Structure formats: structure tokens, C-alpha cells
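In what follows, a structure is listed as C-alpha cells, so that the remarks can point back to it.
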Amino acid sequence: MRFETKAIHVGEEPDLEGGSGDVVVPIHLSSTFARKKVDVPTRGYEYSRTGNPTRDALEKRLAVLEEAAFGLAFSSGMAAETTLAITLLQRGDHLLAFDDLYGGTRRLFNRVLGPNFKVEVTYVDARDPEQVIKAIRKNTRLIWLESPTNPLMKICDIAAIANIAKEANILVVVDNTFLTPYFQKPLLLGADVVVHSTTKYLNGHSDSVGGALMLSDENFYRQLKFNQNAMGAILSPFDSYLVLRGIKTLAVRMREHERNALRLADYLEGHPNVRKVNYPGLKNHPQNALTRRQATGHGGMLSFEIEGGLKGAKRFLENLKIFALAESLGGVESLIEHPALMTHASVPRETREQVGVTDSLIRVSVGIENIEDLIADFDQAFEKMAKT
Ligand SMILES: Cc1ncc(COP(=O)(O)O)c(C=O)c1O
């Protein structure tokens with residue numbers, strides 16, 4: 001089966017042997033499952049935190065899409081990240097991370113894992129694998145990557161870093177939220193675990209918060225599954241249903257997101273009020289060749305630097321009519337935000353500016369509306385910005 005077919009069918013095969021043949025998996029709301037024999041759970045189910053048929057259907061689909069053996073669905077992307085970090089890292093371990101990451105991930109590393117668990121964290125510009133090599137220490141246990149990064153759209157060579165890590169016996173985690181398995185499969189490039197905020201493209205409709213981990217090592221999966229049950233960060237049956245439904249259109253949505261993002265990036269590149277556009281699909285993006293090698297597309301996220309600093313950015317953002325000024329990304333509707341004041345506000349100003357998250361930076365999640373309407377909305381907001 002090809003990607004589009006798996007995204008629709010895996011995990012939702014109609015049960016014609018004793019079931020009612022639903023073509024859509026039922027939302028199993030039951031918190032507990034009755035059994036005939038004291039020591040035999042019915043079809044393996046005992047309590048919904050431990051296992052739930054709707055969540056199982058989703059986990060099966062998530063695994064297949066990333067070409068992983070196993071999938072786990074969590075109550076948020078951060079819940080997935082926390083469970084993974086707590087499972088893998090011990091006091092005194094060293095974590096190496098890309099210096100441009102989702103702000104909440106940095107907050108987890110700096111404000112929770114650092115002070116509470118004594119995990120040491122180093123951030124490097126992972127666009128250059130040499131910097132990764134230089135930063136490895138004896139106690140480095142994990143390398144954490146995003147590619148493209150949030151919000152600067154930097155790309156790292158996942159296969160090269162995975163090779164470096166393997167030699168040093170270090171695990172590699174890739175947050176694949178931006179490109180999704182439709183465009184990029186980090187496990188096939190050598191990563192050990194893939195993280196997702198399913199809140200974004202996988203669900204795709206801005207109406208569910210969730211997260212996922214996909215991996216192929218069975219021992220490691222069992223440890224994670226045990227810890228997920230022990231700590232309790234599971235996705236609800238209703239959210240599992242929503243994500244299953246969203247994934248059915250992932251391929252078509254991603255193609256449209258990318259088409260619109262490319263058009264918008266081209267438009268912005270030629271605009272006098274724009275200083276710089278960050279979109280890996282543009283020929284002049286510094287890692288355009290690399291991303292073409294390791295991914296089959298560039299997705300629907302881009303960022304740009306506007307003229308006029310914070311004042312200019314605010315004027316532009318507050319005059320948009322179709323783009324919603326909101327955090328989050330990956331829904332069918334276009335969203336726009338100011339990372340320094342919104343998604344990355346928890347990152348100290350100095351650190352932000354060092355990596356390039358300035359007051360002039362605007363991040364766009366390009367939706368799948370008609371692109372002419374989106375460009376017209378930008379046009380009128382740029383005009384109003386110039387007048388005020
Ligand atoms: C790349 C990335 N990873 C992880 C997360 C965290 O996911 P959640 O908000 O579902 O907890 C986000 C949220 O914006 C994100 O953008």
C-alpha cells in the first residue's frame with residue numbers, strides 16, 4: 001500500500017468477525033472493560049489509560065506512516081516529549097539540542113529537566129555537523145533535532161548526525177511536526193525516535209491537542225509504554241478519533257499547504273517591506289539542496305523579517321483579515337504569529353536574538369484557502385502598515 005492508502009485504511013479495517021463492520025473506528029469511551037475470567041482481560045483491554053481500542057487504532061496508523069514498528073499517542077506534544085525525556089535521561093546526563101527549537105521544548109529542557117533532574121543541555125547550530133561532533137561529551141545520551149526548525153526553518157543533515165550519534169552510542173530524536181511523514185521520514189534516515197505534536201498537521205483542523213512518538217526498538221517501546229501508563233499522559237478516545245480522521249486527508253492537505261507556501265514565499269521575496277524570507281523550498285534557502293535530498297517536500301511553514309521592527313510587525317499583523325493572529329500551526333486555516341512575543345516568549349531575549357528570532361520575525365502557517373485571497377490579505381495589510 002502507498003502512503004495515501006495507508007493513511008486512510010490502516011487501523012480502521014472493518015471488523016466483520018463479531019463486530020458490526022463499521023468503516024470508521026468507534027469512539028470507545030469506556031474507562032474500563034469487563035471480563036469473563038479474573039485473569040484474562042477481554043481482547044487485551046482492562047483500563048483505558050493502559051489501552052483503548054480507538055487509541056490503539058491511531059497508534060497503529062501513526063507507526064505505519066512513519067515506517068516505525070510502534071506508535072504511542074499522548075495528550076499533547078509536550079506530554080510525548082516529557083515522557084520520552086524522563087524515560088531516556090537520568091541525573092547527570094547530557095542532552096545536545098539544535099539551537100532553534102519550539103520554545104516550549106526549550107522551556108522543558110531549561111526550566112524542568114535542567115533544574116529538577118540535573119540534565120545538562122547544550123544548544124548547537126546543528127546545520128553544521130562539525131558543531132555537533134565538537135559538543136559531544138562522555139555523558140551525552142541524546143541529540144534532539146527539528147528539521148526544519150521552528151521558527152527559522154533551518155535544516156540539518158539528519159543522516160549525517162545519526163551516523164555521528166551511532167558511533168558515539170547516542171540516541172537521536174527528531175521532531176517531525178513541520179514536515180510530517182508525508183514529506184520526511186527521519187527513522188529511515190537513521191533517527192531512533194520521531195516526535196510529533198499531532199495538534200498540528202496530523203490532525204490538521206485546529207480542534208485537538210495531542211502528541212505522538214514513533215520508533216522501532218521493541219525494548220525501548222516497552223519502556224515508553226510502561227512509563228506512559230505509569231505517568232498517565234494518554235490521548236483521549238475522542239481526540240484519537242479526531243486525529244484518525246484528520247490523517248485521512250494528510251497527503252492532500254500537505255500538497256496544498258506546500259503549493260500555497262511556495263507562492264506566498266515567492267510573493268514575499270519580491271516585496272519591498274520584506275527583508276528576508278525563510279522557506280526551505282526557495283532556491284536561495286541555504287539548505288535547499290540538503291532538504292531536497294532528505295525530504296520529498298518543504299511543507300506549509302515559513303517565516304520572514306519585516307521592515308519597521310516591532311512596530312512594523314505589529315501594524316502588519318493586526319491589520320490582517322483572513323490570517324488569524326494565533327499561536328499553533330498546521331491547520332487548514334492560515335495562522336500567523338510573532339514568535340518573540342508569542343510562541344517563543346519563554347526564551348530569553350538574548351538567546352532568541354543570538355539564533356535570529358528578532359522582533360522583526362513573523363511566522364506563517366500557510367493554510368489551504370485560495371492563495372489569491374491570502375496574497376490579497378497580505379497586500380492590504382502591507383498597505384495599511386505603510387499608511388499608519
Ligand atoms: C515543533 C513543535 N513541537 C512540539 C510542540 C508541542 O506540542 P503541543 O503544543 O501539542 O504540546 C509544538 C507546539 O507548537 C511544536 O511547534
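Here, A, B, ... name the chains of the C-alpha cells in the order displayed, residue numbers run from 1 inside each chain, and ligands are numbered from 1 in the same displayed order.
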
Can you work out which residues are within 8 Å of ligand 1, considering only C-alpha atoms and all ligand atoms, and then hand them over as a VMD selection string? chain A and resid 75 to 81 101 to 105 146 149 to 150 175 to 178 195 to 200 209 to 211 327 to 329 343

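Around A:Tyr201, within 9 Å and counting only C-alpha atoms, the residues found are Thr177, Phe178, Leu179, Thr180, Gly246, Ile247, Leu250, Arg253, Met254, Leu329, Gly330, Gly331 and Val332 of chain A, once anything fewer than 6 positions away on its own chain is removed.
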
Dump of C-alpha atoms for the selected residues, as a short mmCIF file (atom, residue, chain, number, x, y, z; two decimals), in the first residue's frame:
```cif
data_model
loop_
_atom_site.label_atom_id
_atom_site.label_comp_id
_atom_site.auth_asym_id
_atom_site.auth_seq_id
_atom_site.Cartn_x
_atom_site.Cartn_y
_atom_site.Cartn_z
CA THR A 177 5.88 18.04 13.29
CA PHE A 178 6.59 20.53 10.48
CA LEU A 179 7.07 18.18 7.52
CA THR A 180 5.07 15.15 8.72
CA GLY A 246 -7.55 14.18 10.16
CA ILE A 247 -4.80 11.86 8.93
CA LEU A 250 -2.94 14.44 5.33
CA ARG A 253 -3.60 18.79 2.68
CA MET A 254 0.21 18.73 2.71
CA LEU A 329 0.16 25.81 13.14
CA GLY A 330 -0.72 23.06 10.71
CA GLY A 331 -4.46 23.61 10.44
CA VAL A 332 -6.36 24.11 7.18
#
```

Just the residues within 10 Å of A:Arg263, please, counting only C-alpha atoms, with nothing from its chain fewer than 3 positions along; format it as a ChimeraX atom specification. /A:258-260,266-269,371-372,374-375

Now that the selection is made, can you save its residues with N, CA, C and O atoms as a PDB file, in the first residue's frame?
```pdb
ATOM      1  N   GLU A 258       1.853  23.079   0.779  1.00  0.00           N
ATOM      2  CA  GLU A 258       3.143  23.373   0.152  1.00  0.00           C
ATOM      3  C   GLU A 258       2.973  24.282  -1.065  1.00  0.00           C
ATOM      4  O   GLU A 258       3.745  25.232  -1.269  1.00  0.00           O
ATOM      5  N   ARG A 259       1.955  24.014  -1.873  1.00  0.00           N
ATOM      6  CA  ARG A 259       1.716  24.821  -3.067  1.00  0.00           C
ATOM      7  C   ARG A 259       1.494  26.284  -2.669  1.00  0.00           C
ATOM      8  O   ARG A 259       2.088  27.197  -3.237  1.00  0.00           O
ATOM      9  N   ASN A 260       0.639  26.490  -1.654  1.00  0.00           N
ATOM     10  CA  ASN A 260       0.360  27.861  -1.203  1.00  0.00           C
ATOM     11  C   ASN A 260       1.591  28.506  -0.564  1.00  0.00           C
ATOM     12  O   ASN A 260       1.845  29.696  -0.769  1.00  0.00           O
ATOM     13  N   ASP A 266       7.370  33.191  -2.631  1.00  0.00           N
ATOM     14  CA  ASP A 266       7.786  33.933  -3.838  1.00  0.00           C
ATOM     15  C   ASP A 266       7.314  35.378  -3.771  1.00  0.00           C
ATOM     16  O   ASP A 266       8.068  36.305  -4.054  1.00  0.00           O
ATOM     17  N   TYR A 267       6.040  35.542  -3.369  1.00  0.00           N
ATOM     18  CA  TYR A 267       5.462  36.891  -3.262  1.00  0.00           C
ATOM     19  C   TYR A 267       6.257  37.714  -2.248  1.00  0.00           C
ATOM     20  O   TYR A 267       6.621  38.866  -2.507  1.00  0.00           O
ATOM     21  N   LEU A 268       6.551  37.126  -1.093  1.00  0.00           N
ATOM     22  CA  LEU A 268       7.251  37.865  -0.037  1.00  0.00           C
ATOM     23  C   LEU A 268       8.663  38.232  -0.465  1.00  0.00           C
ATOM     24  O   LEU A 268       9.163  39.311  -0.136  1.00  0.00           O
ATOM     25  N   GLU A 269       9.300  37.321  -1.192  1.00  0.00           N
ATOM     26  CA  GLU A 269      10.688  37.578  -1.641  1.00  0.00           C
ATOM     27  C   GLU A 269      10.784  38.847  -2.479  1.00  0.00           C
ATOM     28  O   GLU A 269      11.779  39.557  -2.425  1.00  0.00           O
ATOM     29  N   ILE A 371      -5.076  30.785  -2.668  1.00  0.00           N
ATOM     30  CA  ILE A 371      -3.852  31.569  -2.481  1.00  0.00           C
ATOM     31  C   ILE A 371      -4.033  33.043  -2.892  1.00  0.00           C
ATOM     32  O   ILE A 371      -3.417  33.937  -2.306  1.00  0.00           O
ATOM     33  N   GLU A 372      -4.919  33.301  -3.873  1.00  0.00           N
ATOM     34  CA  GLU A 372      -5.123  34.698  -4.287  1.00  0.00           C
ATOM     35  C   GLU A 372      -5.707  35.502  -3.118  1.00  0.00           C
ATOM     36  O   GLU A 372      -5.358  36.662  -2.911  1.00  0.00           O
ATOM     37  N   LEU A 374      -5.215  34.875   0.041  1.00  0.00           N
ATOM     38  CA  LEU A 374      -4.158  35.037   1.062  1.00  0.00           C
ATOM     39  C   LEU A 374      -3.216  36.173   0.663  1.00  0.00           C
ATOM     40  O   LEU A 374      -2.845  37.010   1.489  1.00  0.00           O
ATOM     41  N   ILE A 375      -2.841  36.205  -0.607  1.00  0.00           N
ATOM     42  CA  ILE A 375      -1.928  37.259  -1.073  1.00  0.00           C
ATOM     43  C   ILE A 375      -2.620  38.625  -0.988  1.00  0.00           C
ATOM     44  O   ILE A 375      -2.013  39.617  -0.554  1.00  0.00           O
TER      45      ILE A 375
END
```

Who sits within 9 Å of stretch 286-296 of chain A, only C-alpha atoms, same chain under 4 positions skipped, as a short mmCIF file (atom, residue, chain, number, x, y, z; two decimals) with C-alpha atoms, in the first residue's frame:
```cif
data_model
loop_
_atom_site.label_atom_id
_atom_site.label_comp_id
_atom_site.auth_asym_id
_atom_site.auth_seq_id
_atom_site.Cartn_x
_atom_site.Cartn_y
_atom_site.Cartn_z
CA ARG A 127 23.26 22.88 10.41
CA SER A 147 14.34 19.96 10.68
CA PRO A 148 13.07 22.43 9.59
CA LYS A 154 16.90 25.82 9.44
CA ILE A 155 17.68 22.35 8.08
CA CYS A 156 20.15 19.82 9.48
CA ASP A 157 21.54 16.71 7.82
CA ILE A 158 19.63 14.05 9.76
CA ALA A 159 21.52 11.09 8.28
CA LEU A 179 7.07 18.18 7.52
CA TYR A 182 4.23 12.67 4.12
CA PHE A 183 7.34 14.73 3.29
CA GLN A 184 10.07 13.34 5.57
CA LYS A 185 10.76 10.06 7.39
CA PRO A 186 13.55 10.61 9.93
CA LEU A 189 17.45 8.50 7.76
CA TYR A 279 11.35 28.88 3.35
CA PRO A 280 13.40 25.76 2.53
CA GLY A 281 11.62 25.37 -0.80
CA LEU A 282 13.14 28.60 -2.14
#
```

Near-A:Val252 list (10 Å; only C-alpha atoms; drop same-chain fewer than 4 positions) as a list in words: Glu4, Tyr182, Ile247, Lys248, Glu256, His257 and Ile368 of chain A

Among stretch 191-375 of chain A, which ones does DSSP place in strand (DSSP E), written as a PyMOL selection string? chain A and resi 193-197+211-215+274-278+301-306+324-325+335-337+361-365

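Comparing the minimum interatomic distances between A:Leu213 and each of A:Leu72, A:Leu264, A:Ala251, A:Ile161, counting only C-alpha atoms, we find that A:Leu72 sits nearest.
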
So that I can check the surroundings of A:Leu361, please list as a PyMOL selection string every protein, DNA and RNA residue that reaches within 7 Å of it, counting only C-alpha atoms and ignoring chain neighbours fewer than 2 positions away. chain A and resi 303-306+338-339+357-359+363

Can you tell me, as a list in words, what residues are no more than 12 Å from A:Val23 when counting only C-alpha atoms, ignoring any on the same chain fewer than 6 positions away? Ile8, His9, Val10, Gly11, Glu12, Glu13, Pro14, Asp15, Leu16 and Arg245 of chain A

Pull N, CA, C and O atoms from the residues just selected and write them as a compact mmCIF listing (two decimals), in the first residue's frame.
```
# COMPACT_ATOMS: atom_id res chain seq x y z
N ILE A 8 -5.54 6.19 5.06
CA ILE A 8 -7.00 6.05 5.15
C ILE A 8 -7.40 4.73 5.80
O ILE A 8 -8.36 4.67 6.57
N HIS A 9 -6.65 3.66 5.54
CA HIS A 9 -7.14 2.33 5.94
C HIS A 9 -6.49 1.71 7.17
O HIS A 9 -7.16 0.98 7.91
N VAL A 10 -5.19 1.94 7.38
CA VAL A 10 -4.52 1.21 8.47
C VAL A 10 -5.12 1.59 9.82
O VAL A 10 -5.30 2.76 10.13
N GLY A 11 -5.46 0.59 10.60
CA GLY A 11 -6.04 0.81 11.93
C GLY A 11 -7.56 0.89 11.90
O GLY A 11 -8.22 0.85 12.92
N GLU A 12 -8.12 1.02 10.71
CA GLU A 12 -9.58 1.16 10.62
C GLU A 12 -10.20 0.09 9.72
O GLU A 12 -11.22 0.34 9.08
N GLU A 13 -9.60 -1.10 9.73
CA GLU A 13 -10.15 -2.19 8.93
C GLU A 13 -11.47 -2.61 9.57
O GLU A 13 -11.52 -2.88 10.78
N PRO A 14 -12.58 -2.69 8.81
CA PRO A 14 -13.87 -3.07 9.40
C PRO A 14 -13.80 -4.46 10.05
O PRO A 14 -13.20 -5.36 9.48
N ASP A 15 -14.38 -4.58 11.24
CA ASP A 15 -14.40 -5.87 11.94
C ASP A 15 -15.64 -6.64 11.50
O ASP A 15 -16.76 -6.36 11.92
N LEU A 16 -15.41 -7.64 10.63
CA LEU A 16 -16.55 -8.41 10.10
C LEU A 16 -16.72 -9.72 10.84
O LEU A 16 -17.62 -10.51 10.55
N ARG A 245 -9.24 10.72 11.88
CA ARG A 245 -10.00 11.33 10.80
C ARG A 245 -9.14 12.35 10.04
O ARG A 245 -9.13 12.37 8.82
```

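If only C-alpha atoms are the atoms counted, then among A:Leu244, A:Ala162, A:Leu235, A:Leu29 the closest residue to A:Ala212 is A:Leu235.
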
Quick one: pick out all helix (DSSP H, G or I) residues within stretch 3-222 of chain A from a backbone DSSP run and write them as a ChimeraX atom specification. /A:3-9,53-65,77-88,103-117,129-135,158-167,180-183,186-189,218-222

Between A:Ala230, A:Val364, A:Leu262, A:Val347, which has the minimum distance to A:Arg106 (counting only C-alpha atoms)? A:Val347

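Ranking A:Trp144, A:Phe33, A:Phe109, A:Phe3 by their shortest atom-to-atom distance to A:Val193, with only C-alpha atoms included, puts A:Trp144 first.
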